[in-house]
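Have a look at input38.pdb; it's PDB, C-alpha atoms and all ligand atoms:
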ATOM      1  CA  MET I1315     -12.171 -38.817  25.054
ATOM      2  CA  PRO I1316      -8.524 -39.230  23.991
ATOM      3  CA  LYS I1317      -6.056 -37.570  26.341
ATOM      4  CA  ILE I1318      -3.463 -37.183  23.591
ATOM      5  CA  ILE I1319      -5.142 -35.663  20.530
ATOM      6  CA  ASP I1320      -3.725 -37.526  17.541
ATOM      7  CA  GLY I1321      -3.478 -35.009  14.675
ATOM      8  CA  ASN I1322      -2.143 -37.648  12.263
ATOM      9  CA  LYS I1323      -5.119 -39.955  12.802
ATOM     10  CA  ILE I1324      -7.688 -37.151  12.464
ATOM     11  CA  ARG I1325      -5.904 -35.853   9.366
ATOM     12  CA  GLU I1326      -6.053 -39.237   7.612
ATOM     13  CA  LYS I1327      -9.815 -39.381   8.153
ATOM     14  CA  ILE I1328     -10.302 -35.859   6.751
ATOM     15  CA  LEU I1329      -8.015 -36.487   3.770
ATOM     16  CA  SER I1330      -9.761 -39.714   2.866
ATOM     17  CA  GLU I1331     -13.146 -37.899   2.887
ATOM     18  CA  LEU I1332     -11.695 -35.076   0.764
ATOM     19  CA  LYS I1333     -10.158 -37.556  -1.698
ATOM     20  CA  SER I1334     -13.509 -39.200  -2.160
ATOM     21  CA  LYS I1335     -15.198 -35.786  -2.720
ATOM     22  CA  ILE I1336     -12.531 -34.793  -5.257
ATOM     23  CA  SER I1337     -12.932 -38.052  -7.183
ATOM     24  CA  LYS I1338     -16.614 -37.150  -7.745
ATOM     25  CA  LEU I1339     -15.933 -33.667  -9.145
ATOM     26  CA  LYS I1340     -16.178 -33.074 -12.914
ATOM     27  CA  GLN I1341     -13.250 -30.647 -12.897
ATOM     28  CA  LYS I1342     -10.231 -31.349 -10.702
ATOM     29  CA  PRO I1343      -9.572 -28.624  -8.096
ATOM     30  CA  GLY I1344      -6.431 -26.752  -9.168
ATOM     31  CA  LEU I1345      -3.824 -25.358  -6.805
ATOM     32  CA  ALA I1346      -0.986 -23.066  -7.910
ATOM     33  CA  ILE I1347       1.994 -22.899  -5.576
ATOM     34  CA  VAL I1348       4.433 -20.045  -6.016
ATOM     35  CA  LEU I1349       7.872 -20.324  -4.437
ATOM     36  CA  VAL I1350      10.351 -17.469  -4.730
ATOM     37  CA  GLY I1351      14.015 -18.298  -4.091
ATOM     38  CA  ASP I1352      15.562 -21.394  -2.549
ATOM     39  CA  ASN I1353      14.857 -21.204   1.192
ATOM     40  CA  PRO I1354      15.319 -24.889   2.282
ATOM     41  CA  ALA I1355      12.457 -24.846   4.835
ATOM     42  CA  SER I1356      10.082 -23.298   2.256
ATOM     43  CA  GLN I1357      11.102 -25.959  -0.263
ATOM     44  CA  ILE I1358      10.214 -28.724   2.203
ATOM     45  CA  TYR I1359       6.793 -27.141   2.918
ATOM     46  CA  VAL I1360       6.082 -26.647  -0.778
ATOM     47  CA  ASN I1361       7.146 -30.211  -1.664
ATOM     48  CA  SER I1362       4.812 -31.640   0.927
ATOM     49  CA  LYS I1363       1.878 -29.438  -0.175
ATOM     50  CA  GLU I1364       2.458 -30.370  -3.818
ATOM     51  CA  SER I1365       2.707 -34.102  -3.164
ATOM     52  CA  LYS I1366      -0.348 -34.097  -0.871
ATOM     53  CA  CYS I1367      -2.325 -32.201  -3.497
ATOM     54  CA  LYS I1368      -1.467 -34.755  -6.188
ATOM     55  CA  GLU I1369      -2.098 -37.677  -3.838
ATOM     56  CA  MET I1370      -5.606 -36.268  -3.269
ATOM     57  CA  GLY I1371      -6.309 -36.305  -7.004
ATOM     58  CA  ALA I1372      -6.181 -32.517  -7.345
ATOM     59  CA  TYR I1373      -4.314 -30.621 -10.050
ATOM     60  CA  CYS I1374      -1.178 -28.738  -9.020
ATOM     61  CA  GLU I1375       1.004 -26.216 -10.825
ATOM     62  CA  ARG I1376       4.245 -25.189  -9.163
ATOM     63  CA  TYR I1377       6.119 -22.012 -10.038
ATOM     64  CA  GLY I1378       9.720 -21.676  -8.844
ATOM     65  CA  LEU I1379      10.879 -18.087  -9.334
ATOM     66  CA  PRO I1380      14.451 -16.833  -8.876
ATOM     67  CA  LYS I1381      15.136 -15.046  -5.571
ATOM     68  CA  ASP I1382      15.781 -11.755  -7.424
ATOM     69  CA  VAL I1383      12.470 -11.832  -9.341
ATOM     70  CA  SER I1384      10.969  -8.363  -9.695
ATOM     71  CA  GLU I1385       7.789  -7.464  -7.852
ATOM     72  CA  MET I1386       6.175  -6.631 -11.171
ATOM     73  CA  ASP I1387       6.892 -10.092 -12.624
ATOM     74  CA  LEU I1388       5.552 -11.784  -9.502
ATOM     75  CA  LEU I1389       2.371  -9.664  -9.545
ATOM     76  CA  LYS I1390       1.960 -10.433 -13.247
ATOM     77  CA  LEU I1391       2.108 -14.173 -12.537
ATOM     78  CA  ILE I1392      -0.494 -13.843  -9.748
ATOM     79  CA  ASP I1393      -2.730 -11.865 -12.087
ATOM     80  CA  GLU I1394      -2.498 -14.664 -14.685
ATOM     81  CA  LEU I1395      -3.313 -17.257 -12.031
ATOM     82  CA  ASN I1396      -6.249 -15.136 -10.794
ATOM     83  CA  ASN I1397      -7.641 -15.355 -14.319
ATOM     84  CA  ASN I1398      -6.757 -19.008 -14.995
ATOM     85  CA  PRO I1399      -9.954 -21.136 -14.883
ATOM     86  CA  LYS I1400      -7.957 -24.299 -14.106
ATOM     87  CA  ILE I1401      -6.664 -22.727 -10.904
ATOM     88  CA  HIS I1402      -9.013 -22.503  -7.901
ATOM     89  CA  GLY I1403      -6.460 -21.754  -5.210
ATOM     90  CA  ILE I1404      -3.225 -19.746  -5.147
ATOM     91  CA  LEU I1405      -0.619 -20.161  -2.494
ATOM     92  CA  VAL I1406       2.448 -17.917  -2.291
ATOM     93  CA  GLN I1407       4.926 -19.503   0.089
ATOM     94  CA  LEU I1408       6.118 -17.056   2.762
ATOM     95  CA  PRO I1409       8.489 -15.554   3.727
ATOM     96  CA  LEU I1410       9.360 -13.703   0.528
ATOM     97  CA  PRO I1411      12.809 -12.180  -0.109
ATOM     98  CA  LYS I1412      13.180  -8.746   1.504
ATOM     99  CA  HIS I1413      12.905  -6.699  -1.715
ATOM    100  CA  LEU I1414       9.321  -7.951  -2.244
ATOM    101  CA  ASP I1415       6.398  -6.367  -0.392
ATOM    102  CA  GLU I1416       4.712  -9.382   1.226
ATOM    103  CA  LYS I1417       1.480  -7.499   1.943
ATOM    104  CA  LEU I1418       1.203  -6.185  -1.598
ATOM    105  CA  VAL I1419       1.836  -9.649  -3.035
ATOM    106  CA  THR I1420      -0.640 -11.550  -0.831
ATOM    107  CA  ASN I1421      -3.222  -8.761  -1.312
ATOM    108  CA  SER I1422      -3.065  -9.299  -5.063
ATOM    109  CA  ILE I1423      -4.551 -12.816  -4.780
ATOM    110  CA  LEU I1424      -8.294 -12.880  -5.473
ATOM    111  CA  PRO I1425     -10.130 -13.497  -2.144
ATOM    112  CA  GLY I1426     -11.981 -16.462  -3.684
ATOM    113  CA  LYS I1427      -8.634 -18.097  -4.576
ATOM    114  CA  ASP I1428      -6.876 -17.214  -1.317
ATOM    115  CA  VAL I1429      -6.591 -20.739   0.124
ATOM    116  CA  ASP I1430      -4.164 -19.526   2.805
ATOM    117  CA  GLY I1431      -6.773 -17.042   4.029
ATOM    118  CA  PHE I1432      -4.126 -14.342   4.593
ATOM    119  CA  THR I1433      -5.460 -11.489   2.422
ATOM    120  CA  PRO I1434      -7.106  -8.511   4.179
ATOM    121  CA  SER I1435     -10.429  -9.470   2.555
ATOM    122  CA  SER I1436     -10.200 -12.999   3.961
ATOM    123  CA  LEU I1437      -9.135 -11.817   7.413
ATOM    124  CA  GLY I1438     -11.748  -9.031   7.350
ATOM    125  CA  SER I1439     -14.485 -11.500   6.487
ATOM    126  CA  LEU I1440     -13.342 -13.697   9.377
ATOM    127  CA  MET I1441     -13.546 -10.678  11.687
ATOM    128  CA  SER I1442     -17.115  -9.951  10.603
ATOM    129  CA  GLY I1443     -18.154 -13.535  11.318
ATOM    130  CA  SER I1444     -18.636 -14.686   7.730
ATOM    131  CA  ALA I1445     -15.252 -16.034   6.677
ATOM    132  CA  ILE I1446     -14.692 -16.444   2.915
ATOM    133  CA  ILE I1447     -11.819 -18.842   3.519
ATOM    134  CA  ALA I1448     -10.294 -19.038   6.994
ATOM    135  CA  PRO I1449      -6.543 -19.675   7.422
ATOM    136  CA  ALA I1450      -5.556 -23.335   7.620
ATOM    137  CA  THR I1451      -3.696 -23.474  10.958
ATOM    138  CA  PRO I1452      -6.436 -21.696  12.966
ATOM    139  CA  ARG I1453      -8.993 -23.996  11.282
ATOM    140  CA  ALA I1454      -6.872 -26.986  12.302
ATOM    141  CA  ILE I1455      -6.770 -25.737  15.896
ATOM    142  CA  ILE I1456     -10.551 -25.289  16.040
ATOM    143  CA  TYR I1457     -11.115 -28.727  14.484
ATOM    144  CA  LEU I1458      -8.889 -30.377  17.113
ATOM    145  CA  ILE I1459     -10.590 -28.552  19.989
ATOM    146  CA  GLU I1460     -14.049 -29.473  18.709
ATOM    147  CA  SER I1461     -12.963 -33.110  18.413
ATOM    148  CA  VAL I1462     -12.703 -33.228  22.222
ATOM    149  CA  THR I1463     -14.897 -30.497  23.715
ATOM    150  CA  LYS I1464     -17.642 -27.935  23.145
ATOM    151  CA  ILE I1465     -16.275 -24.402  22.784
ATOM    152  CA  GLU I1466     -19.360 -22.377  23.777
ATOM    153  CA  GLY I1467     -19.197 -20.852  27.245
ATOM    154  CA  LYS I1468     -15.569 -21.842  27.835
ATOM    155  CA  HIS I1469     -12.778 -19.461  28.733
ATOM    156  CA  ALA I1470     -10.222 -19.727  25.930
ATOM    157  CA  VAL I1471      -6.789 -18.189  26.401
ATOM    158  CA  VAL I1472      -4.633 -17.688  23.308
ATOM    159  CA  VAL I1473      -0.913 -17.038  23.803
ATOM    160  CA  GLY I1474       0.340 -15.240  20.670
ATOM    161  CA  ARG I1475      -1.272 -12.579  18.474
ATOM    162  CA  SER I1476       0.223 -13.119  15.008
ATOM    163  CA  ASN I1477      -1.940 -12.401  11.974
ATOM    164  CA  ILE I1478      -1.637 -16.003  10.789
ATOM    165  CA  VAL I1479      -2.342 -17.898  14.038
ATOM    166  CA  GLY I1480      -3.117 -15.996  17.264
ATOM    167  CA  LYS I1481      -5.515 -13.305  16.035
ATOM    168  CA  PRO I1482      -7.563 -15.445  13.622
ATOM    169  CA  VAL I1483      -7.908 -18.345  16.071
ATOM    170  CA  ALA I1484      -9.021 -15.903  18.800
ATOM    171  CA  MET I1485     -11.709 -14.578  16.410
ATOM    172  CA  MET I1486     -12.848 -18.100  15.552
ATOM    173  CA  LEU I1487     -13.117 -19.020  19.243
ATOM    174  CA  LEU I1488     -15.113 -15.844  19.893
ATOM    175  CA  GLU I1489     -17.374 -16.674  16.954
ATOM    176  CA  ARG I1490     -18.061 -20.011  18.653
ATOM    177  CA  ASN I1491     -19.093 -18.220  21.866
ATOM    178  CA  ALA I1492     -15.983 -18.731  23.967
ATOM    179  CA  THR I1493     -14.849 -15.933  26.273
ATOM    180  CA  VAL I1494     -11.443 -15.122  24.848
ATOM    181  CA  THR I1495      -8.286 -13.683  26.377
ATOM    182  CA  ILE I1496      -5.332 -12.926  24.101
ATOM    183  CA  CYS I1497      -1.829 -12.808  25.615
ATOM    184  CA  HIS I1498       1.433 -11.696  24.013
ATOM    185  CA  SER I1499       5.041 -10.851  24.815
ATOM    186  CA  LYS I1500       4.064  -7.711  26.747
ATOM    187  CA  THR I1501       1.470  -9.485  28.916
ATOM    188  CA  LYS I1502       2.410  -9.158  32.578
ATOM    189  CA  GLY I1503       1.976 -12.252  34.763
ATOM    190  CA  LEU I1504       1.166 -14.610  31.884
ATOM    191  CA  GLU I1505       0.485 -17.522  34.240
ATOM    192  CA  ASN I1506      -2.396 -15.579  35.864
ATOM    193  CA  TYR I1507      -4.219 -15.804  32.524
ATOM    194  CA  THR I1508      -3.128 -19.248  31.323
ATOM    195  CA  LYS I1509      -4.167 -20.759  34.672
ATOM    196  CA  GLN I1510      -7.755 -19.581  34.060
ATOM    197  CA  ALA I1511      -8.053 -21.278  30.678
ATOM    198  CA  ASP I1512     -10.520 -24.072  30.017
ATOM    199  CA  ILE I1513      -9.023 -24.095  26.518
ATOM    200  CA  LEU I1514      -5.397 -23.007  26.169
ATOM    201  CA  VAL I1515      -3.992 -22.351  22.690
ATOM    202  CA  VAL I1516      -0.273 -21.622  22.616
ATOM    203  CA  ALA I1517       1.375 -20.130  19.511
ATOM    204  CA  CYS I1518       4.342 -18.090  20.665
ATOM    205  CA  GLY I1519       7.352 -19.863  19.155
ATOM    206  CA  SER I1520       9.101 -20.284  22.515
ATOM    207  CA  PRO I1521      10.205 -23.879  23.272
ATOM    208  CA  LYS I1522       8.425 -25.517  26.249
ATOM    209  CA  MET I1523       7.492 -22.114  27.688
ATOM    210  CA  ILE I1524       4.180 -23.249  29.195
ATOM    211  CA  LYS I1525       4.957 -25.255  32.342
ATOM    212  CA  VAL I1526       2.650 -27.440  34.404
ATOM    213  CA  ASP I1527       2.082 -24.765  37.084
ATOM    214  CA  MET I1528       0.684 -22.422  34.401
ATOM    215  CA  VAL I1529      -2.163 -24.779  33.429
ATOM    216  CA  LYS I1530      -5.524 -25.398  35.116
ATOM    217  CA  LYS I1531      -6.383 -29.025  35.915
ATOM    218  CA  GLY I1532      -8.643 -30.432  33.206
ATOM    219  CA  ALA I1533      -7.765 -27.825  30.566
ATOM    220  CA  VAL I1534      -7.697 -28.666  26.857
ATOM    221  CA  VAL I1535      -4.231 -27.645  25.645
ATOM    222  CA  ILE I1536      -3.421 -27.027  21.985
ATOM    223  CA  ASP I1537       0.271 -26.546  21.241
ATOM    224  CA  VAL I1538       0.877 -24.830  17.896
ATOM    225  CA  GLY I1539       4.607 -24.224  18.349
ATOM    226  CA  ILE I1540       7.236 -25.827  16.163
ATOM    227  CA  ASN I1541      10.713 -25.271  17.578
ATOM    228  CA  ARG I1542      13.943 -27.046  16.700
ATOM    229  CA  THR I1543      16.260 -27.730  19.663
ATOM    230  CA  ALA I1544      20.072 -27.669  19.553
ATOM    231  CA  GLY I1545      19.907 -31.475  19.257
ATOM    232  CA  ASN I1546      17.683 -31.095  16.147
ATOM    233  CA  LYS I1547      14.575 -32.315  17.972
ATOM    234  CA  ILE I1548      11.180 -30.702  17.266
ATOM    235  CA  VAL I1549       9.417 -29.452  20.397
ATOM    236  CA  GLY I1550       6.327 -27.332  20.971
ATOM    237  CA  ASP I1551       5.678 -24.226  23.077
ATOM    238  CA  VAL I1552       4.262 -26.397  25.877
ATOM    239  CA  ASP I1553       6.267 -28.593  28.240
ATOM    240  CA  PHE I1554       4.333 -31.652  27.076
ATOM    241  CA  ASP I1555       5.612 -34.261  29.565
ATOM    242  CA  SER I1556       4.590 -32.295  32.654
ATOM    243  CA  VAL I1557       1.498 -30.522  31.278
ATOM    244  CA  LYS I1558      -0.083 -33.786  30.081
ATOM    245  CA  GLU I1559      -0.390 -34.797  33.725
ATOM    246  CA  VAL I1560      -2.907 -31.996  34.428
ATOM    247  CA  ALA I1561      -4.552 -31.397  31.040
ATOM    248  CA  SER I1562      -7.717 -33.296  30.130
ATOM    249  CA  CYS I1563      -6.558 -33.364  26.481
ATOM    250  CA  ILE I1564      -3.379 -32.157  24.810
ATOM    251  CA  THR I1565      -1.841 -32.103  21.338
ATOM    252  CA  PRO I1566       1.684 -33.495  20.938
ATOM    253  CA  VAL I1567       4.445 -31.862  18.888
ATOM    254  CA  PRO I1568       5.084 -33.260  16.384
ATOM    255  CA  GLY I1569       1.828 -35.028  15.528
ATOM    256  CA  GLY I1570      -0.793 -32.508  16.642
ATOM    257  CA  VAL I1571      -1.625 -29.252  14.866
ATOM    258  CA  GLY I1572       1.139 -29.561  12.220
ATOM    259  CA  PRO I1573      -0.264 -32.529  10.254
ATOM    260  CA  MET I1574      -3.776 -31.058  10.434
ATOM    261  CA  THR I1575      -2.771 -27.813   8.729
ATOM    262  CA  ILE I1576      -2.282 -29.467   5.336
ATOM    263  CA  ALA I1577      -5.668 -31.219   5.627
ATOM    264  CA  MET I1578      -7.318 -27.844   6.221
ATOM    265  CA  LEU I1579      -5.435 -26.385   3.273
ATOM    266  CA  MET I1580      -6.878 -29.109   1.037
ATOM    267  CA  ASP I1581     -10.317 -28.446   2.499
ATOM    268  CA  ASN I1582      -9.830 -24.742   1.720
ATOM    269  CA  LEU I1583      -9.075 -25.680  -1.889
ATOM    270  CA  LEU I1584     -12.436 -27.464  -2.076
ATOM    271  CA  LYS I1585     -14.104 -24.422  -0.505
ATOM    272  CA  ALA I1586     -12.541 -22.301  -3.267
ATOM    273  CA  VAL I1587     -14.062 -24.660  -5.858
ATOM    274  CA  GLU I1588     -17.469 -24.191  -4.208
ATOM    275  CA  LEU I1589     -17.035 -20.391  -4.215
ATOM    276  CA  LYS I1590     -16.419 -20.448  -7.963
ATOM    277  CA  LYS I1591     -19.735 -22.194  -8.655
TER
HETATM  278  P1  LIG N1601       5.034 -15.091  15.504
HETATM  279  O1  LIG N1601       6.479 -15.016  15.864
HETATM  280  O2  LIG N1601       4.526 -14.339  14.334
HETATM  281  O3  LIG N1601       4.166 -14.646  16.779
HETATM  282  C1  LIG N1601       4.489 -15.091  18.063
HETATM  283  C2  LIG N1601       3.524 -14.482  19.038
HETATM  284  O4  LIG N1601       3.833 -14.966  20.331
HETATM  285  C3  LIG N1601       3.605 -12.952  19.093
HETATM  286  O5  LIG N1601       2.321 -12.412  19.157
HETATM  287  C4  LIG N1601       4.387 -12.690  20.378
HETATM  288  O6  LIG N1601       4.011 -11.494  21.035
HETATM  289  C5  LIG N1601       3.984 -13.873  21.231
HETATM  290  N1  LIG N1601       5.024 -14.209  22.199
HETATM  291  C6  LIG N1601       6.343 -14.374  21.977
HETATM  292  N2  LIG N1601       6.979 -14.642  23.122
HETATM  293  C7  LIG N1601       6.046 -14.602  24.105
HETATM  294  C8  LIG N1601       6.094 -14.773  25.515
HETATM  295  N3  LIG N1601       7.232 -15.013  26.139
HETATM  296  N4  LIG N1601       4.933 -14.692  26.188
HETATM  297  C9  LIG N1601       3.769 -14.437  25.571
HETATM  298  N5  LIG N1601       3.667 -14.262  24.233
HETATM  299  C10 LIG N1601       4.794 -14.338  23.515
HETATM  300  O7  LIG N1601       4.729 -16.641  15.373
HETATM  301  P2  LIG N1601       3.529 -17.441  14.617
HETATM  302  O8  LIG N1601       2.231 -17.057  15.180
HETATM  303  O9  LIG N1601       3.755 -17.387  13.172
HETATM  304  O10 LIG N1601       3.894 -18.921  15.092
HETATM  305  C11 LIG N1601       3.884 -19.303  16.462
HETATM  306  C12 LIG N1601       4.426 -20.712  16.586
HETATM  307  O11 LIG N1601       3.586 -21.590  15.865
HETATM  308  C13 LIG N1601       5.825 -20.897  15.989
HETATM  309  O12 LIG N1601       6.515 -21.870  16.754
HETATM  310  C14 LIG N1601       5.563 -21.449  14.605
HETATM  311  O13 LIG N1601       6.624 -22.254  14.111
HETATM  312  C15 LIG N1601       4.335 -22.284  14.865
HETATM  313  N6  LIG N1601       3.461 -22.461  13.703
HETATM  314  C16 LIG N1601       2.971 -23.714  13.494
HETATM  315  C17 LIG N1601       2.133 -23.969  12.452
HETATM  316  C18 LIG N1601       1.593 -25.352  12.282
HETATM  317  O14 LIG N1601       1.103 -25.695  11.244
HETATM  318  N7  LIG N1601       1.635 -26.174  13.334
HETATM  319  C19 LIG N1601       1.764 -22.920  11.481
HETATM  320  C20 LIG N1601       2.251 -21.601  11.838
HETATM  321  C21 LIG N1601       3.092 -21.400  12.910
HETATM  322  P3  LIG N1601       4.212 -10.022  20.401
HETATM  323  O15 LIG N1601       3.102  -9.865  19.410
HETATM  324  O16 LIG N1601       4.097  -9.106  21.544
HETATM  325  O17 LIG N1601       5.566 -10.034  19.748
END
Output the structure of this file as structure tokens.
Amino acid sequence: MPKIIDGNKIREKILSELKSKISKLKQKPGLAIVLVGDNPASQIYVNSKESKCKEMGAYCERYGLPKDVSEMDLLKLIDELNNNPKIHGILVQLPLPKHLDEKLVTNSILPGKDVDGFTPSSLGSLMSGSAIIAPATPRAIIYLIESVTKIEGKHAVVVGRSNIVGKPVAMMLLERNATVTICHSKTKGLENYTKQADILVVACGSPKMIKVDMVKKGAVVIDVGINRTAGNKIVGDVDFDSVKEVASCITPVPGGVGPMTIAMLMDNLLKAVELKK
């Protein structure tokens, strides 16, 4: 069992399998990426999704809309994409400018084309144990955990309860028969919970917050955090150097969950193709 879970290595294996599947399809899977405005971080994410999509042999349409686009024009575009047979998956890069209602916009994507898995239908289906398409980062987390341990019967502690990471991953762990504890910013005595975890998933956006004395010996630790330090270094939510001494397996940042998310997004695109059949 690898102590350091190598997200890059696992991703390459998944992507090569997906590429081979795509090459056998009669119609190329089509992804539409919608980017509103010129947020530099969003542009980087969108560039990497677009180039990965093309590298995989899928079809990709990118829509760059001005930051003052009206909600009606954006909804009209999504409606066209919902009805476009060449497009199997629609991805609206978040965050959107303040004048746009993010919930309304994401809700307008057809559940079968919601490759991000963020619409209420997608999240509701996840809740009821029969996910249409589950969100990519929680899927990446589950994949990494299952690459090193069985989930059933374990005590999983999730730090963070966002709609895009904490809550869905907690549901997916529960679905796989873990006993799940969810912690958040109002949890008192966080270490009392984290120390009980056989599987510890941390997604709180707080650099190196989880220290070695908060982790049980032998725990599997998944660090979802991406934080930029003053020195422009990327660090996770877990103090990797000390925690790796007690964990049985741990994901590094960068190189753990991050690279896996795009692989799961591509897999979601293939799921959307299957749903259309
Ligand atoms: P959010 O800011 O939406 O949520 C953070 C969660 O952490 C909240 O539920 C918050 O609690 C909780 N939290 C904050 N501080 C503490 C604390 N001191 N103790 C316990 N809980 C705390 O973040 P996201 O879920 O979107 O992202 C989390 C991290 O994961 C970020 O670093 C982000 O960059 C990264 N990320 C990485 C991805 C990847 O692909 N690797 C994808 C998505 C996110 P409360 O609800 O009470 O406010």
Listed atoms of ligand LIG 1601 (chain N) boxed along x, y and z, 5 Å each side, centre and edge lengths in Å, one decimal, as lines of an AutoDock Vina configuration file:
center_x = 4.2
center_y = -17.6
center_z = 18.7
size_x = 16.1
size_y = 27.1
size_z = 24.9
With the cut-off set at 7 Å and counting only C-alpha atoms and all ligand atoms, tabulate each residue of chain I with an atom at most that distance from an atom of ligand LIG 1601 (chain N), showing the nearest atom pair and its distance in Å to one decimal, ordered by chain and increasing number, as a tab-separated table.
residue	atom	partner	partner_atom	distance
I:Thr1451	CA	N:LIG1601	O14	5.3
I:Val1473	CA	N:LIG1601	N5	5.4
I:Gly1474	CA	N:LIG1601	O4	3.5
I:Arg1475	CA	N:LIG1601	O5	3.7
I:Ser1476	CA	N:LIG1601	O8	4.4
I:Ile1478	CA	N:LIG1601	O8	5.9
I:Val1479	CA	N:LIG1601	O8	4.8
I:Gly1480	CA	N:LIG1601	O8	5.8
I:Cys1497	CA	N:LIG1601	C9	5.8
I:His1498	CA	N:LIG1601	N5	3.4
I:Ser1499	CA	N:LIG1601	N5	3.7
I:Lys1500	CA	N:LIG1601	O16	5.4
I:Thr1501	CA	N:LIG1601	C9	6.4
I:Leu1504	CA	N:LIG1601	N4	6.8
I:Ala1517	CA	N:LIG1601	C11	4.0
I:Cys1518	CA	N:LIG1601	O4	3.2
I:Gly1519	CA	N:LIG1601	O12	3.2
I:Ser1520	CA	N:LIG1601	N2	6.1
I:Val1538	CA	N:LIG1601	O11	4.7
I:Gly1539	CA	N:LIG1601	O12	3.4
I:Ile1540	CA	N:LIG1601	O12	4.1
I:Asn1541	CA	N:LIG1601	O12	5.5
I:Gly1550	CA	N:LIG1601	O12	6.9
I:Asp1551	CA	N:LIG1601	O12	6.8
I:Val1571	CA	N:LIG1601	N7	4.7
I:Gly1572	CA	N:LIG1601	N7	3.6
I:Thr1575	CA	N:LIG1601	O14	5.1
**OP:** Take the PyMOL selection byres (((chain I and resi 1552) around 8) and not hetatm), apply it to the structure above, and return the hits as a count of residues only.
**Re:** 13
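What the PyMOL selection byres (((chain I and resi 1337) around 12) and not hetatm) grabs from this file is Ser1330, Glu1331, Leu1332, Lys1333, Ser1334, Lys1335, Ile1336, Lys1338, Leu1339, Lys1340, Gln1341, Lys1342, Pro1343, Lys1368, Glu1369, Met1370, Gly1371, Ala1372, Tyr1373 and Leu1584 of chain I.
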What would the file look like if the residues just selected were written as a PDB file, in the coordinates of the input with C-alpha atoms?
ATOM      1  CA  SER I1330      -9.761 -39.714   2.866  1.00  0.00           C
ATOM      2  CA  GLU I1331     -13.146 -37.899   2.887  1.00  0.00           C
ATOM      3  CA  LEU I1332     -11.695 -35.076   0.764  1.00  0.00           C
ATOM      4  CA  LYS I1333     -10.158 -37.556  -1.698  1.00  0.00           C
ATOM      5  CA  SER I1334     -13.509 -39.200  -2.160  1.00  0.00           C
ATOM      6  CA  LYS I1335     -15.198 -35.786  -2.720  1.00  0.00           C
ATOM      7  CA  ILE I1336     -12.531 -34.793  -5.257  1.00  0.00           C
ATOM      8  CA  LYS I1338     -16.614 -37.150  -7.745  1.00  0.00           C
ATOM      9  CA  LEU I1339     -15.933 -33.667  -9.145  1.00  0.00           C
ATOM     10  CA  LYS I1340     -16.178 -33.074 -12.914  1.00  0.00           C
ATOM     11  CA  GLN I1341     -13.250 -30.647 -12.897  1.00  0.00           C
ATOM     12  CA  LYS I1342     -10.231 -31.349 -10.702  1.00  0.00           C
ATOM     13  CA  PRO I1343      -9.572 -28.624  -8.096  1.00  0.00           C
ATOM     14  CA  LYS I1368      -1.467 -34.755  -6.188  1.00  0.00           C
ATOM     15  CA  GLU I1369      -2.098 -37.677  -3.838  1.00  0.00           C
ATOM     16  CA  MET I1370      -5.606 -36.268  -3.269  1.00  0.00           C
ATOM     17  CA  GLY I1371      -6.309 -36.305  -7.004  1.00  0.00           C
ATOM     18  CA  ALA I1372      -6.181 -32.517  -7.345  1.00  0.00           C
ATOM     19  CA  TYR I1373      -4.314 -30.621 -10.050  1.00  0.00           C
ATOM     20  CA  LEU I1584     -12.436 -27.464  -2.076  1.00  0.00           C
TER      21      LEU I1584
END
Expand the PyMOL selection byres (((chain I and resi 1349-1352) around 12) and not hetatm) into the individual residues it matches in the shown file, reporting them as a compact mmCIF listing (two decimals) with C-alpha atoms, in the coordinates of the input.
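Now in part.txt:
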# COMPACT_ATOMS: atom_id res chain seq x y z
CA ALA I 1346 -0.99 -23.07 -7.91
CA ILE I 1347 1.99 -22.90 -5.58
CA VAL I 1348 4.43 -20.05 -6.02
CA ASN I 1353 14.86 -21.20 1.19
CA PRO I 1354 15.32 -24.89 2.28
CA ALA I 1355 12.46 -24.85 4.84
CA SER I 1356 10.08 -23.30 2.26
CA GLN I 1357 11.10 -25.96 -0.26
CA ILE I 1358 10.21 -28.72 2.20
CA TYR I 1359 6.79 -27.14 2.92
CA VAL I 1360 6.08 -26.65 -0.78
CA ASN I 1361 7.15 -30.21 -1.66
CA LYS I 1363 1.88 -29.44 -0.18
CA GLU I 1364 2.46 -30.37 -3.82
CA GLU I 1375 1.00 -26.22 -10.82
CA ARG I 1376 4.24 -25.19 -9.16
CA TYR I 1377 6.12 -22.01 -10.04
CA GLY I 1378 9.72 -21.68 -8.84
CA LEU I 1379 10.88 -18.09 -9.33
CA PRO I 1380 14.45 -16.83 -8.88
CA LYS I 1381 15.14 -15.05 -5.57
CA ASP I 1382 15.78 -11.76 -7.42
CA VAL I 1383 12.47 -11.83 -9.34
CA SER I 1384 10.97 -8.36 -9.70
CA GLU I 1385 7.79 -7.46 -7.85
CA ASP I 1387 6.89 -10.09 -12.62
CA LEU I 1388 5.55 -11.78 -9.50
CA LEU I 1391 2.11 -14.17 -12.54
CA ILE I 1392 -0.49 -13.84 -9.75
CA ILE I 1404 -3.22 -19.75 -5.15
CA LEU I 1405 -0.62 -20.16 -2.49
CA VAL I 1406 2.45 -17.92 -2.29
CA GLN I 1407 4.93 -19.50 0.09
CA LEU I 1408 6.12 -17.06 2.76
CA PRO I 1409 8.49 -15.55 3.73
CA LEU I 1410 9.36 -13.70 0.53
CA PRO I 1411 12.81 -12.18 -0.11
CA LYS I 1412 13.18 -8.75 1.50
CA HIS I 1413 12.90 -6.70 -1.72
CA LEU I 1414 9.32 -7.95 -2.24
CA GLU I 1416 4.71 -9.38 1.23
CA VAL I 1419 1.84 -9.65 -3.04
**OP:** Record the distance separating CA of Pro1434 in chain I and CA of Ala1450 in chain I, expressed in Å with one decimal.
**Re:** 15.3 Å
